[in-house]
Amino acid sequence: MPTARSGLGSKTAAVLAKDIRSELRTRYAITAIVMFAVVSAVAVGFASGGISLDKQIQAILFWLVLFFASVAGLGQSFIKEEENGTVNALRIYAPSGSVFGGKYLFNLLLLFALEIIIVPLFIGLVGLQIENFWLFLAVLVSGTLGLAGSTTLVAAIIAKASMKGVLFAVLSFPLVLPLLVIAIKGTEKALYENAFVAGWMEIRVLVSYAVVMTVAGFLLFDFVWND
Amino acid sequence: MKIRTDIIWKIGLLLLLSWVIVGAWVWEPPMGGVSTPEIYRIFYFHVPMALVTFLAYGLAMIQGIAYLKRRDLEFDLRSSTAAVLGTIFCVLAAVSGSVFARFAWGSFWNWDPRETSILMLLLIYLAYFSLRAAVVDPERKARLSATYSILGFIAAVFTIFVWPRITPGLHPGAPGSSGGKVIVMSARTLMVFVPSLVAFTSLFGWIYSLSLRVNRFVEED
């Protein structure tokens, strides 16, 4: 049914637009994420104190900072709805698929915004030297897709629990672990002089992780969203 | 009549476990052709415990899915009981393997693919228990934890397939291990190993049915 599909799409866009608008008003998530990224990148720069870090360690630090910075902000997307009491309105207005889609896209945008800030910071403060830019970008984008895919459902889960802040990190870490390991490997390859093909395996794994986790999140979202 | 068969079954399990202990420590000769022949005896206990870990966690997830379909809290009770037992066996398998690894491979933890995947399972289920602790409403607790365990299962499958590409395996028969892909066990080894698998699995079944009964009483209060 084309009408139903276009309705789903337009409602997804509406949920996304609503989230962007309310984020631009409060700037809560983006502030948390950016401040976390700046503080930890500066901390890494200070701690290394001008010593040039091993490329492997740079890749590990980059993804760990990225992961914990995203934990600082991505959890907010559903907590916000619970705290403001807008859950029921949203549930009536949009089908659960659209809610998941909108939140997923919003988290994706937040992560891209975070990366635009964190990559120059790492280049400037930690001395990250990217030899193969396109490989770096491909690993970063495919890793981000997976990160947003698996954390969106976790954000929906923790919004219904207590101790939300801690729980988000605890629940997402084991899920994101395989992604982090592969993304670190891929980033490391991009930091050395490697052809794009060298990281092909990593990109394939990251893309399949992103697809599987996002589809699983989309299918399981109903169970979390509808009380 | 029902009690009779129950007792026979338990006596059978006792005899089977006694045979496994005697067989593994006394009857079976030390493994030939390796530098530390005696420590390989742990294999008769470590592998069954790892097997029970996977069975218990698998059962926990299947019961979780059954809960999501039928919305009966009985399934959630089964799921969480299996998850608790799985975690106990997971810790036992990890510790026994780690002791073996110290003497066979030189360090307690080597980030071998199987060590990593069992650690991953442990992390997922520790997160699962902290999620359960953070939700009060039983229906909601059941729903959220079942959903999380499915997601965790998918992530664990990724680790199991991806990790051998990162570090080569040390376990015999693991992809990338130096020991080769096929393990040939002698008839004598199998005579201890197969009963051990059966005994540990039925031991798990017994503990599981006992703790289910206990947990049902606890829930009723």
# chains A, B, ... in the order shown; residues from 1 in each chain; ligands from 1
>>> residues_around(residues="Ser162 in chain A", least_positions_apart="4", cutoff="10 Å", atoms="only C-alpha atoms", output="ChimeraX atom specification")
/A:158,166-167 /B:131,133-136
>>> write_last_selection(atoms="N, CA, C and O atoms", output="short mmCIF file (atom, residue, chain, number, x, y, z; two decimals), in the first residue's frame")
data_model
loop_
_atom_site.label_atom_id
_atom_site.label_comp_id
_atom_site.auth_asym_id
_atom_site.auth_seq_id
_atom_site.Cartn_x
_atom_site.Cartn_y
_atom_site.Cartn_z
N ILE A 158 16.08 1.77 28.40
CA ILE A 158 16.44 2.38 29.69
C ILE A 158 15.47 3.49 30.09
O ILE A 158 15.36 3.80 31.27
N VAL A 166 23.53 5.27 34.23
CA VAL A 166 24.51 4.19 34.34
C VAL A 166 24.09 3.03 33.45
O VAL A 166 24.90 2.41 32.76
N LEU A 167 22.80 2.75 33.48
CA LEU A 167 22.29 1.58 32.78
C LEU A 167 22.56 1.66 31.28
O LEU A 167 22.84 0.65 30.63
N LEU B 131 19.68 -4.69 34.33
CA LEU B 131 18.43 -4.18 33.78
C LEU B 131 17.24 -4.67 34.60
O LEU B 131 16.34 -3.91 34.95
N ALA B 133 17.23 -5.55 37.67
CA ALA B 133 17.23 -4.92 38.98
C ALA B 133 16.66 -3.50 38.92
O ALA B 133 16.16 -2.99 39.91
N ALA B 134 16.75 -2.88 37.74
CA ALA B 134 16.35 -1.47 37.62
C ALA B 134 14.88 -1.29 37.27
O ALA B 134 14.41 -0.17 37.17
N VAL B 135 14.15 -2.39 37.01
CA VAL B 135 12.73 -2.27 36.66
C VAL B 135 11.91 -2.94 37.76
O VAL B 135 12.23 -4.05 38.19
N VAL B 136 10.85 -2.27 38.21
CA VAL B 136 10.06 -2.81 39.32
C VAL B 136 8.89 -3.65 38.80
O VAL B 136 8.71 -4.79 39.21
#
>>> interface_residues(of="chain B", to="chain A", cutoff="12 Å", atoms="only C-alpha atoms", output="count of residues only")
59
>>> closest_residue(among="B:Asn110, B:Thr189, B:Gln63, B:Ser196", to="Leu16 in chain B", atoms="only C-alpha atoms")
B:Ser196
>>> closest_residue(among="B:Phe217, B:Val91, B:Leu59, B:Glu38", to="Phe75 in chain B", atoms="only C-alpha atoms")
B:Leu59
>>> residues_around(residues="Arg78 in chain B", least_positions_apart="3", cutoff="10 Å", atoms="only C-alpha atoms", output="number ranges by chain")
B: 59-64, 67, 73-75, 81-83, 208-209, 211-212, 215-216
>>> atom_distance(atom1="CA of Val44 in chain A", atom2="CA of Val126 in chain A")
6.8 Å
>>> select_by_dssp(residues="range 22-136 of chain B", states="helix (DSSP H, G or I)", output="MDAnalysis selection string")
chainID B and resid 22:27 38:70 73:104 113:134
